[in-house]
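Structure, as structure tokens:
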Amino acid sequence: MNVPLLDLKAQHAAIKGEVLQTLLPLVESQLFILGQPVQDLEGRIAALSRAAFGVGVASGTDALLIPLKALDLKPGDEVITAPFTFFASAGTIHNAGGRPVFADVEPDTWNIDPAAVEAAITPRTRAIMPVHLFGQMAAMERLLPLAAKHGLAVIEDACQAIGARRRIEGRWRMAGELGLVGAFSFFPSKNLGAWGDGGMIVTSDEPLAERMRRLRVHGGLQMYHHDEVGLNSRLDALQAAVLLAKLPHLAAWSEARRANAGAYSAMLVGVPGVRAPVVDAANEHIFHQYVIAADRRDALQAHLKARGIGTAVYYPKALHLQPCFAHLGGREGQFPVSEEATRRVLALPVYPELSEAQRQHVVTSIREFYGA
Ligand SMILES: Cc1ncc(COP(=O)(O)O)c(C=O)c1O
């Protein structure tokens with residue numbers, strides 16, 4: 001049996017008619033840059049994340065880079081993020097002129113550890129970038145008071161967590177709601193994926209929203225007048241139309257991922273050498289990825305491949321050990337929880353269209369490997 005890590009063709013087959021229908025008028029109009037579909041999507045994603053404004057940009061990476069640029073970082077200014085995340089979290093800090101400073105993650109959720117963040121704050125710290133890794137939110141209720149105390153901006157890297165929420169003081173709060181800004185990615189494999197690159201920034205700070213709109217069009221809202229140097233980072237109207245057609249399905253897709261995750265975790269109980277993902281009791285996880293911690297991870301991955309099962313290692317190298325950040329002085333052993341995670345993590349197929357027989361095949365193959 002074949003179980004790919006992700007099967008976007010299955011999703012496409014189910015909604016093809018709806019999506020193509022929304023594209024035709026746009027193609028006829030030949031209006032491809034920004035425009036109504038982008039504005040509509042900005043409103044919808046802002047509403048989903050309970051923010052006042054959305055700013056559509058070219059990628060999730062730019063959804064991080066643009067708010068970081070709006071911080072006007074000076075050389076030596078520091079932004080704290082996790083070493084166990086996708087590269088863009090730290091790469092954008094560097095590209096905005098800042099210095100990435102890493103704080104280790106928690107051993108259960110692999111989200112940034114607020115105690116480690118507190119220990120990493122210096123007089124040069126300007127912002128904290130928590131990453132809602134794999135689709136569950138970081139401990140915002142512990143990070144926000146730290147940010148307030150030290151006058152720091154909070155930029156939520158919610159690229160993997162659209163629609164995720166966390167219960168804080170009895171209220172559900174959305175990914176992207178509580179930080180100064182939230183950044184989303186519409187990379188095709190995301191729970192809400194475009195037909196190419198795309199991203200969205202959300203914020204409830206109106207002057208900041210205006211500034212970020214300006215930064216995405218070369219720093220000038222008036223044609224040929226540039227108040228500052230920005231980027232060319234617009235969300236395509238075609239991508240926005242695809243996303244608008246897909247958005248009504250997002251909640252059901254994330255629910256199906258949660259159901260798959262629940263079924264896996266129940267079936268993996270008692271398998272020695274495997275730890276199922278830990279969901280923080282306060283979180284509603286969207287399972288962008290279902291990531292186990294596994295003994296003899298690489299051999300397990302090879303075994304599953306031989307059984308026709310696609311898996312992936314997110315992420316095999318912590319960011320403080322990346323060659324491009326050697327100048328930051330990172331060393332082996334500095335962030336032990338992140339480093340341990342890089343040796344043990346394995347993402348299993350969790351996409352919404354997965355069948356029960358496919359899930360069963362994945363678990364049977366894992367049990368077979370461990371002799372359980
Ligand atoms: C945690 C995280 N941050 C940032 C990004 C960057 O998003 P994009 O690939 O859309 O530029 C991603 C996407 O892969 C991500 O997973």
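By order in the structure tokens, chains are A, B, ...; within a chain, residues start at 1; ligands start at 1, following the order shown.
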Practice problem: Check which residues fall inside 7 Å of ligand 1 when counting only C-alpha atoms and all ligand atoms, and print them as JSON, numbers by chain. | Solution: {"A": [59, 60, 61, 62, 85, 86, 88, 89, 131, 133, 157, 158, 159, 160, 185, 186, 187, 197, 198, 199]}
Selection above as a file: N, CA and C atoms, as a PDB file, in the first residue's frame:
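Heads up, here's the output in selection_32.pdb:
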```pdb
ATOM      1  N   SER A  59       4.857  35.536   0.379  1.00  0.00           N
ATOM      2  CA  SER A  59       5.202  34.254   1.020  1.00  0.00           C
ATOM      3  C   SER A  59       5.092  34.408   2.536  1.00  0.00           C
ATOM      4  N   GLY A  60       5.157  33.280   3.227  1.00  0.00           N
ATOM      5  CA  GLY A  60       5.227  33.326   4.678  1.00  0.00           C
ATOM      6  C   GLY A  60       6.534  33.960   5.136  1.00  0.00           C
ATOM      7  N   THR A  61       7.572  33.723   4.385  1.00  0.00           N
ATOM      8  CA  THR A  61       8.863  34.334   4.719  1.00  0.00           C
ATOM      9  C   THR A  61       8.739  35.857   4.722  1.00  0.00           C
ATOM     10  N   ASP A  62       8.099  36.407   3.689  1.00  0.00           N
ATOM     11  CA  ASP A  62       7.938  37.863   3.648  1.00  0.00           C
ATOM     12  C   ASP A  62       6.954  38.347   4.709  1.00  0.00           C
ATOM     13  N   THR A  85      13.117  25.125  14.288  1.00  0.00           N
ATOM     14  CA  THR A  85      12.044  25.656  13.458  1.00  0.00           C
ATOM     15  C   THR A  85      12.537  25.668  12.023  1.00  0.00           C
ATOM     16  N   PHE A  86      11.625  26.047  11.103  1.00  0.00           N
ATOM     17  CA  PHE A  86      12.030  26.236   9.714  1.00  0.00           C
ATOM     18  C   PHE A  86      12.992  27.434   9.629  1.00  0.00           C
ATOM     19  N   ALA A  88      13.301  30.021   7.886  1.00  0.00           N
ATOM     20  CA  ALA A  88      12.835  31.399   7.658  1.00  0.00           C
ATOM     21  C   ALA A  88      12.691  32.195   8.953  1.00  0.00           C
ATOM     22  N   SER A  89      12.369  31.506  10.053  1.00  0.00           N
ATOM     23  CA  SER A  89      12.175  32.252  11.306  1.00  0.00           C
ATOM     24  C   SER A  89      13.419  33.067  11.633  1.00  0.00           C
ATOM     25  N   VAL A 131       7.311  30.568  17.526  1.00  0.00           N
ATOM     26  CA  VAL A 131       6.865  29.805  16.359  1.00  0.00           C
ATOM     27  C   VAL A 131       5.828  28.810  16.858  1.00  0.00           C
ATOM     28  N   LEU A 133       4.805  25.774  16.389  1.00  0.00           N
ATOM     29  CA  LEU A 133       5.391  24.684  15.603  1.00  0.00           C
ATOM     30  C   LEU A 133       4.417  23.539  15.336  1.00  0.00           C
ATOM     31  N   ASP A 157       5.231  33.692  14.537  1.00  0.00           N
ATOM     32  CA  ASP A 157       5.422  32.892  13.328  1.00  0.00           C
ATOM     33  C   ASP A 157       4.341  31.816  13.358  1.00  0.00           C
ATOM     34  N   ALA A 158       3.203  32.182  12.756  1.00  0.00           N
ATOM     35  CA  ALA A 158       2.051  31.273  12.718  1.00  0.00           C
ATOM     36  C   ALA A 158       1.964  30.608  11.345  1.00  0.00           C
ATOM     37  N   CYS A 159       3.103  30.511  10.670  1.00  0.00           N
ATOM     38  CA  CYS A 159       3.111  29.976   9.304  1.00  0.00           C
ATOM     39  C   CYS A 159       2.549  28.561   9.226  1.00  0.00           C
ATOM     40  N   GLN A 160       2.675  27.793  10.321  1.00  0.00           N
ATOM     41  CA  GLN A 160       2.178  26.416  10.317  1.00  0.00           C
ATOM     42  C   GLN A 160       0.871  26.291  11.100  1.00  0.00           C
ATOM     43  N   SER A 185       1.695  31.416   6.269  1.00  0.00           N
ATOM     44  CA  SER A 185       2.208  30.964   4.969  1.00  0.00           C
ATOM     45  C   SER A 185       1.109  30.191   4.244  1.00  0.00           C
ATOM     46  N   PHE A 186       1.021  30.419   2.939  1.00  0.00           N
ATOM     47  CA  PHE A 186       0.105  29.630   2.104  1.00  0.00           C
ATOM     48  C   PHE A 186       0.886  28.720   1.164  1.00  0.00           C
ATOM     49  N   PHE A 187       2.091  28.354   1.549  1.00  0.00           N
ATOM     50  CA  PHE A 187       2.865  27.357   0.794  1.00  0.00           C
ATOM     51  C   PHE A 187       1.927  26.164   0.524  1.00  0.00           C
ATOM     52  N   ASP A 197       3.465  30.164  -4.072  1.00  0.00           N
ATOM     53  CA  ASP A 197       3.794  30.848  -2.817  1.00  0.00           C
ATOM     54  C   ASP A 197       2.756  31.908  -2.482  1.00  0.00           C
ATOM     55  N   GLY A 198       2.632  32.175  -1.204  1.00  0.00           N
ATOM     56  CA  GLY A 198       1.748  33.248  -0.739  1.00  0.00           C
ATOM     57  C   GLY A 198       1.863  33.362   0.763  1.00  0.00           C
ATOM     58  N   GLY A 199       1.511  34.535   1.296  1.00  0.00           N
ATOM     59  CA  GLY A 199       1.562  34.726   2.748  1.00  0.00           C
ATOM     60  C   GLY A 199       0.645  35.845   3.169  1.00  0.00           C
TER      61      GLY A 199
END
```
Exercise. Give me the residues within 10 Å of stretch 205-215 of chain A as a list in words, counting only C-alpha atoms and dropping any in the same chain fewer than 5 places off.
Key: Ala51, Ala52, Phe53, Gly54, Val55, Gly56, Val57, Ala63, Ile66, Pro67, Leu68, Lys69, Ala70, Leu71, Leu180, Val181, Gly220, Leu221, Gln222, His226, Asp227, Glu228, Val229, Gly230, Leu231, Asn232, Ser233 and Arg234 of chain A
Exercise. Considering only C-alpha atoms, state which residue in the set A:Ala281, A:Ala306, A:Leu247, A:Leu64 is at the smallest distance from A:Ala138.
Key: A:Ala281
Neighbours of A:Thr125 within 7 Å (only C-alpha atoms; same-chain residues fewer than 4 positions away dropped), as a tab-separated table (two decimals) with N, CA, C and O atoms, in the first residue's frame?
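So around16.tsv came out as:
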```tsv
chain	number	residue	atom	x	y	z
A	77	ASP	N	20.86	44.82	17.15
A	77	ASP	CA	19.56	44.59	17.79
A	77	ASP	C	19.20	43.10	17.68
A	77	ASP	O	19.47	42.46	16.67
A	78	GLU	N	18.61	42.60	18.75
A	78	GLU	CA	18.39	41.15	18.85
A	78	GLU	C	16.90	40.80	18.80
A	78	GLU	O	16.07	41.52	19.33
A	79	VAL	N	16.63	39.68	18.14
A	79	VAL	CA	15.28	39.12	18.13
A	79	VAL	C	15.39	37.66	18.56
A	79	VAL	O	16.21	36.90	18.00
A	121	ILE	N	16.91	37.47	27.23
A	121	ILE	CA	16.64	38.91	27.03
A	121	ILE	C	17.85	39.73	27.50
A	121	ILE	O	18.40	39.50	28.57
```
Quiz item: Just asking: which residues within stretch 210-275 of chain A are alpha helix (DSSP H) according to DSSP, as a ChimeraX atom specification?
Solution: /A:210-215,237-246,250-268
Keeping only N, CA and C atoms, take the residues you just selected and write them out as a CSV table (one decimal), in the first residue's frame.
```csv
chain,number,residue,atom,x,y,z
A,210,GLU,N,-0.6,49.9,7.8
A,210,GLU,CA,-0.4,50.9,6.7
A,210,GLU,C,1.1,50.8,6.3
A,211,ARG,N,2.0,50.8,7.3
A,211,ARG,CA,3.4,50.8,7.0
A,211,ARG,C,3.8,49.5,6.2
A,212,MET,N,3.2,48.4,6.6
A,212,MET,CA,3.5,47.1,6.0
A,212,MET,C,3.0,47.0,4.6
A,213,ARG,N,1.8,47.7,4.4
A,213,ARG,CA,1.3,47.7,3.0
A,213,ARG,C,2.2,48.5,2.1
A,214,ARG,N,2.8,49.5,2.7
A,214,ARG,CA,3.8,50.3,1.9
A,214,ARG,C,5.1,49.5,1.7
A,215,LEU,N,5.5,48.8,2.7
A,215,LEU,CA,6.8,48.1,2.5
A,215,LEU,C,6.6,47.0,1.5
A,237,ALA,N,-3.4,38.0,-7.2
A,237,ALA,CA,-4.8,37.9,-7.2
A,237,ALA,C,-5.3,36.5,-7.5
A,238,LEU,N,-4.5,35.8,-8.4
A,238,LEU,CA,-4.9,34.4,-8.7
A,238,LEU,C,-4.8,33.5,-7.4
A,239,GLN,N,-3.7,33.7,-6.7
A,239,GLN,CA,-3.5,32.9,-5.5
A,239,GLN,C,-4.6,33.2,-4.4
A,240,ALA,N,-4.9,34.5,-4.3
A,240,ALA,CA,-5.9,34.9,-3.4
A,240,ALA,C,-7.3,34.3,-3.8
A,241,ALA,N,-7.6,34.2,-5.1
A,241,ALA,CA,-8.8,33.6,-5.5
A,241,ALA,C,-8.8,32.1,-5.1
A,242,VAL,N,-7.7,31.4,-5.4
A,242,VAL,CA,-7.6,30.0,-5.0
A,242,VAL,C,-7.9,29.8,-3.5
A,243,LEU,N,-7.2,30.7,-2.7
A,243,LEU,CA,-7.3,30.6,-1.2
A,243,LEU,C,-8.7,30.9,-0.8
A,244,LEU,N,-9.4,31.9,-1.4
A,244,LEU,CA,-10.8,32.2,-1.0
A,244,LEU,C,-11.7,31.0,-1.3
A,245,ALA,N,-11.4,30.3,-2.4
A,245,ALA,CA,-12.3,29.1,-2.7
A,245,ALA,C,-12.0,28.0,-1.7
A,246,LYS,N,-10.7,27.9,-1.2
A,246,LYS,CA,-10.4,26.8,-0.3
A,246,LYS,C,-10.8,27.1,1.2
A,250,LEU,N,-11.3,24.9,5.3
A,250,LEU,CA,-10.2,24.8,6.2
A,250,LEU,C,-10.5,24.1,7.5
A,251,ALA,N,-11.6,24.6,8.1
A,251,ALA,CA,-12.0,24.0,9.4
A,251,ALA,C,-12.2,22.5,9.3
A,252,ALA,N,-12.8,22.0,8.3
A,252,ALA,CA,-13.1,20.6,8.2
A,252,ALA,C,-11.8,19.9,7.9
A,253,TRP,N,-10.9,20.5,7.1
A,253,TRP,CA,-9.6,19.8,6.8
A,253,TRP,C,-8.8,19.7,8.1
A,254,SER,N,-8.8,20.7,8.9
A,254,SER,CA,-8.0,20.7,10.2
A,254,SER,C,-8.6,19.7,11.1
A,255,GLU,N,-10.0,19.6,11.1
A,255,GLU,CA,-10.7,18.6,12.0
A,255,GLU,C,-10.3,17.2,11.5
A,256,ALA,N,-10.2,17.0,10.2
A,256,ALA,CA,-9.9,15.6,9.7
A,256,ALA,C,-8.4,15.3,10.1
A,257,ARG,N,-7.6,16.3,10.1
A,257,ARG,CA,-6.2,16.1,10.5
A,257,ARG,C,-6.1,15.7,12.0
A,258,ARG,N,-7.0,16.4,12.8
A,258,ARG,CA,-7.0,16.1,14.2
A,258,ARG,C,-7.5,14.7,14.5
A,259,ALA,N,-8.5,14.3,13.7
A,259,ALA,CA,-9.1,13.0,13.8
A,259,ALA,C,-8.0,11.9,13.5
A,260,ASN,N,-7.3,12.2,12.4
A,260,ASN,CA,-6.2,11.2,12.0
A,260,ASN,C,-5.1,11.2,13.1
A,261,ALA,N,-4.8,12.3,13.7
A,261,ALA,CA,-3.8,12.4,14.7
A,261,ALA,C,-4.3,11.6,16.0
A,262,GLY,N,-5.5,11.8,16.3
A,262,GLY,CA,-6.1,11.1,17.5
A,262,GLY,C,-6.0,9.6,17.3
A,263,ALA,N,-6.4,9.2,16.1
A,263,ALA,CA,-6.4,7.7,15.8
A,263,ALA,C,-5.0,7.2,15.9
A,264,TYR,N,-4.0,7.9,15.3
A,264,TYR,CA,-2.6,7.4,15.4
A,264,TYR,C,-2.2,7.3,16.8
A,265,SER,N,-2.4,8.4,17.6
A,265,SER,CA,-1.9,8.4,18.9
A,265,SER,C,-2.5,7.3,19.8
A,266,ALA,N,-3.8,7.0,19.5
A,266,ALA,CA,-4.4,5.9,20.3
A,266,ALA,C,-3.8,4.6,19.9
A,267,MET,N,-3.5,4.4,18.6
A,267,MET,CA,-2.9,3.1,18.1
A,267,MET,C,-1.4,3.0,18.5
A,268,LEU,N,-0.8,4.1,18.8
A,268,LEU,CA,0.7,4.0,19.1
A,268,LEU,C,1.0,3.8,20.6
```
Closest-contact table, stretch 66-140 of chain A side, partner stretch 322-327 of chain A, 12 Å, counting only C-alpha atoms, as JSON lines:
```
{"residue": "A:Pro83", "atom": "CA", "partner": "A:Gln322", "partner_atom": "CA", "distance": 9.8}
{"residue": "A:Phe84", "atom": "CA", "partner": "A:Gln322", "partner_atom": "CA", "distance": 11.3}
{"residue": "A:Phe86", "atom": "CA", "partner": "A:Gln322", "partner_atom": "CA", "distance": 11.7}
{"residue": "A:Phe87", "atom": "CA", "partner": "A:Gln322", "partner_atom": "CA", "distance": 9.2}
{"residue": "A:Ala90", "atom": "CA", "partner": "A:Phe325", "partner_atom": "CA", "distance": 9.4}
{"residue": "A:Gly91", "atom": "CA", "partner": "A:Phe325", "partner_atom": "CA", "distance": 9.2}
{"residue": "A:Ile93", "atom": "CA", "partner": "A:Phe325", "partner_atom": "CA", "distance": 11.6}
{"residue": "A:His94", "atom": "CA", "partner": "A:Phe325", "partner_atom": "CA", "distance": 9.3}
{"residue": "A:Arg99", "atom": "CA", "partner": "A:Phe325", "partner_atom": "CA", "distance": 9.7}
{"residue": "A:Pro100", "atom": "CA", "partner": "A:Phe325", "partner_atom": "CA", "distance": 8.8}
{"residue": "A:Val101", "atom": "CA", "partner": "A:Phe325", "partner_atom": "CA", "distance": 10.4}
{"residue": "A:Phe102", "atom": "CA", "partner": "A:Phe325", "partner_atom": "CA", "distance": 11.1}
```
Restrict the selected residues to C-alpha atoms and save them as a PDB file, in the first residue's frame.
```pdb
ATOM      1  CA  PRO A  83      16.526  27.069  17.155  1.00  0.00           C
ATOM      2  CA  PHE A  84      14.150  24.227  16.264  1.00  0.00           C
ATOM      3  CA  PHE A  86      12.030  26.236   9.714  1.00  0.00           C
ATOM      4  CA  PHE A  87      14.957  28.357   8.574  1.00  0.00           C
ATOM      5  CA  ALA A  90      15.820  33.169  11.848  1.00  0.00           C
ATOM      6  CA  GLY A  91      16.757  33.992   8.240  1.00  0.00           C
ATOM      7  CA  ILE A  93      15.675  38.307  11.425  1.00  0.00           C
ATOM      8  CA  HIS A  94      19.094  38.387   9.770  1.00  0.00           C
ATOM      9  CA  ARG A  99      20.751  39.363  15.181  1.00  0.00           C
ATOM     10  CA  PRO A 100      18.901  36.091  15.778  1.00  0.00           C
ATOM     11  CA  VAL A 101      19.205  34.989  19.409  1.00  0.00           C
ATOM     12  CA  PHE A 102      18.013  31.495  20.149  1.00  0.00           C
TER      13      PHE A 102
END
```
Give one line per residue of stretch 265-301 of chain A that approaches stretch 339-347 of chain A to at most 12 Å, naming the two atoms of the closest pair and their distance in Å to one decimal, counting only C-alpha atoms; sort by chain then ascending residue number and deliver it as CSV.
```
residue,atom,partner,partner_atom,distance
A:Gly273,CA,A:Arg344,CA,10.0
A:Val274,CA,A:Arg344,CA,9.3
A:Arg275,CA,A:Val345,CA,9.5
A:Ala276,CA,A:Leu346,CA,10.2
A:Pro277,CA,A:Val345,CA,9.8
A:Phe287,CA,A:Ala347,CA,10.4
A:His288,CA,A:Ala347,CA,9.9
A:Gln289,CA,A:Ala347,CA,6.2
A:Tyr290,CA,A:Ala347,CA,5.4
A:Val291,CA,A:Ala347,CA,4.2
A:Ile292,CA,A:Leu346,CA,5.4
A:Ala293,CA,A:Val345,CA,4.6
A:Ala294,CA,A:Arg344,CA,5.1
A:Asp295,CA,A:Arg344,CA,6.4
A:Arg296,CA,A:Arg344,CA,7.6
A:Arg297,CA,A:Arg344,CA,5.6
A:Asp298,CA,A:Arg344,CA,8.4
A:Ala299,CA,A:Arg344,CA,11.0
A:Leu300,CA,A:Leu346,CA,9.0
A:Gln301,CA,A:Leu346,CA,7.6
```
Practice problem: State, in Å with one decimal place, the distance from atom CA of A:Val313 to atom CA of A:Ala282. | Solution: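 So the two atoms, atom CA of A:Val313 and atom CA of A:Ala282, lie 26.1 Å apart.
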Exercise. Pick out the residues sitting within 9 Å of A:Ala46, and hand them over as a PyMOL selection string; count only C-alpha atoms, and ignore anything fewer than 3 positions along from it in its own chain.
Key: chain A and resi 41-43+49-55+176-177+200-204
Write the residues of the selection above to a file with C-alpha atoms, as a PDB file, in the first residue's frame.
```
ATOM      1  CA  LEU A  41      -8.795  37.409   1.540  1.00  0.00           C
ATOM      2  CA  GLU A  42      -7.088  39.976   3.796  1.00  0.00           C
ATOM      3  CA  GLY A  43     -10.442  40.616   5.465  1.00  0.00           C
ATOM      4  CA  SER A  49      -7.325  35.349  13.489  1.00  0.00           C
ATOM      5  CA  ARG A  50      -9.403  38.060  15.207  1.00  0.00           C
ATOM      6  CA  ALA A  51      -7.103  40.825  14.031  1.00  0.00           C
ATOM      7  CA  ALA A  52      -8.265  44.101  12.517  1.00  0.00           C
ATOM      8  CA  PHE A  53      -6.110  44.091   9.376  1.00  0.00           C
ATOM      9  CA  GLY A  54      -4.593  41.647   6.903  1.00  0.00           C
ATOM     10  CA  VAL A  55      -1.755  42.383   4.508  1.00  0.00           C
ATOM     11  CA  GLY A 176      -2.058  35.633  15.193  1.00  0.00           C
ATOM     12  CA  GLU A 177      -4.474  37.371  17.569  1.00  0.00           C
ATOM     13  CA  MET A 200      -0.453  36.990   5.016  1.00  0.00           C
ATOM     14  CA  ILE A 201       0.380  39.335   7.866  1.00  0.00           C
ATOM     15  CA  VAL A 202      -2.307  40.161  10.409  1.00  0.00           C
ATOM     16  CA  THR A 203      -2.252  42.951  12.987  1.00  0.00           C
ATOM     17  CA  SER A 204      -4.640  45.163  14.898  1.00  0.00           C
TER      18      SER A 204
END
```
Practice problem: Going by DSSP on the backbone, which bits of stretch 99-204 of chain A are strand (DSSP E)? Write them as an NGL selection string, please. | Solution: :A and (99-102 or 125-129 or 153-157 or 165-168 or 171-174 or 181-185 or 199-203)
Residue selection dump (C-alpha atoms) as a PDB file, in the first residue's frame:
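Generated output (part36.pdb):
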```
ATOM      1  CA  ARG A  99      20.751  39.363  15.181  1.00  0.00           C
ATOM      2  CA  PRO A 100      18.901  36.091  15.778  1.00  0.00           C
ATOM      3  CA  VAL A 101      19.205  34.989  19.409  1.00  0.00           C
ATOM      4  CA  PHE A 102      18.013  31.495  20.149  1.00  0.00           C
ATOM      5  CA  THR A 125      16.489  42.635  22.587  1.00  0.00           C
ATOM      6  CA  ARG A 126      13.783  44.232  20.447  1.00  0.00           C
ATOM      7  CA  ALA A 127      11.352  41.428  19.762  1.00  0.00           C
ATOM      8  CA  ILE A 128      10.332  37.838  20.456  1.00  0.00           C
ATOM      9  CA  MET A 129       9.294  35.548  17.620  1.00  0.00           C
ATOM     10  CA  ALA A 153       7.358  43.382  20.044  1.00  0.00           C
ATOM     11  CA  VAL A 154       5.891  39.900  19.614  1.00  0.00           C
ATOM     12  CA  ILE A 155       5.871  38.588  16.056  1.00  0.00           C
ATOM     13  CA  GLU A 156       4.024  35.283  15.892  1.00  0.00           C
ATOM     14  CA  ASP A 157       5.422  32.892  13.328  1.00  0.00           C
ATOM     15  CA  ARG A 165      -6.212  28.324  19.047  1.00  0.00           C
ATOM     16  CA  ARG A 166      -5.296  28.262  22.710  1.00  0.00           C
ATOM     17  CA  ARG A 167      -7.438  28.633  25.789  1.00  0.00           C
ATOM     18  CA  ILE A 168      -6.062  31.445  27.908  1.00  0.00           C
ATOM     19  CA  ARG A 171     -11.077  32.248  26.450  1.00  0.00           C
ATOM     20  CA  TRP A 172     -10.064  30.784  23.124  1.00  0.00           C
ATOM     21  CA  ARG A 173      -7.408  32.993  21.483  1.00  0.00           C
ATOM     22  CA  MET A 174      -6.406  32.502  17.864  1.00  0.00           C
ATOM     23  CA  VAL A 181       1.615  40.772  14.270  1.00  0.00           C
ATOM     24  CA  GLY A 182       0.976  37.231  13.110  1.00  0.00           C
ATOM     25  CA  ALA A 183       2.509  35.728   9.971  1.00  0.00           C
ATOM     26  CA  PHE A 184       0.863  32.992   7.888  1.00  0.00           C
ATOM     27  CA  SER A 185       2.208  30.964   4.969  1.00  0.00           C
ATOM     28  CA  GLY A 199       1.562  34.726   2.748  1.00  0.00           C
ATOM     29  CA  MET A 200      -0.453  36.990   5.016  1.00  0.00           C
ATOM     30  CA  ILE A 201       0.380  39.335   7.866  1.00  0.00           C
ATOM     31  CA  VAL A 202      -2.307  40.161  10.409  1.00  0.00           C
ATOM     32  CA  THR A 203      -2.252  42.951  12.987  1.00  0.00           C
TER      33      THR A 203
END
```
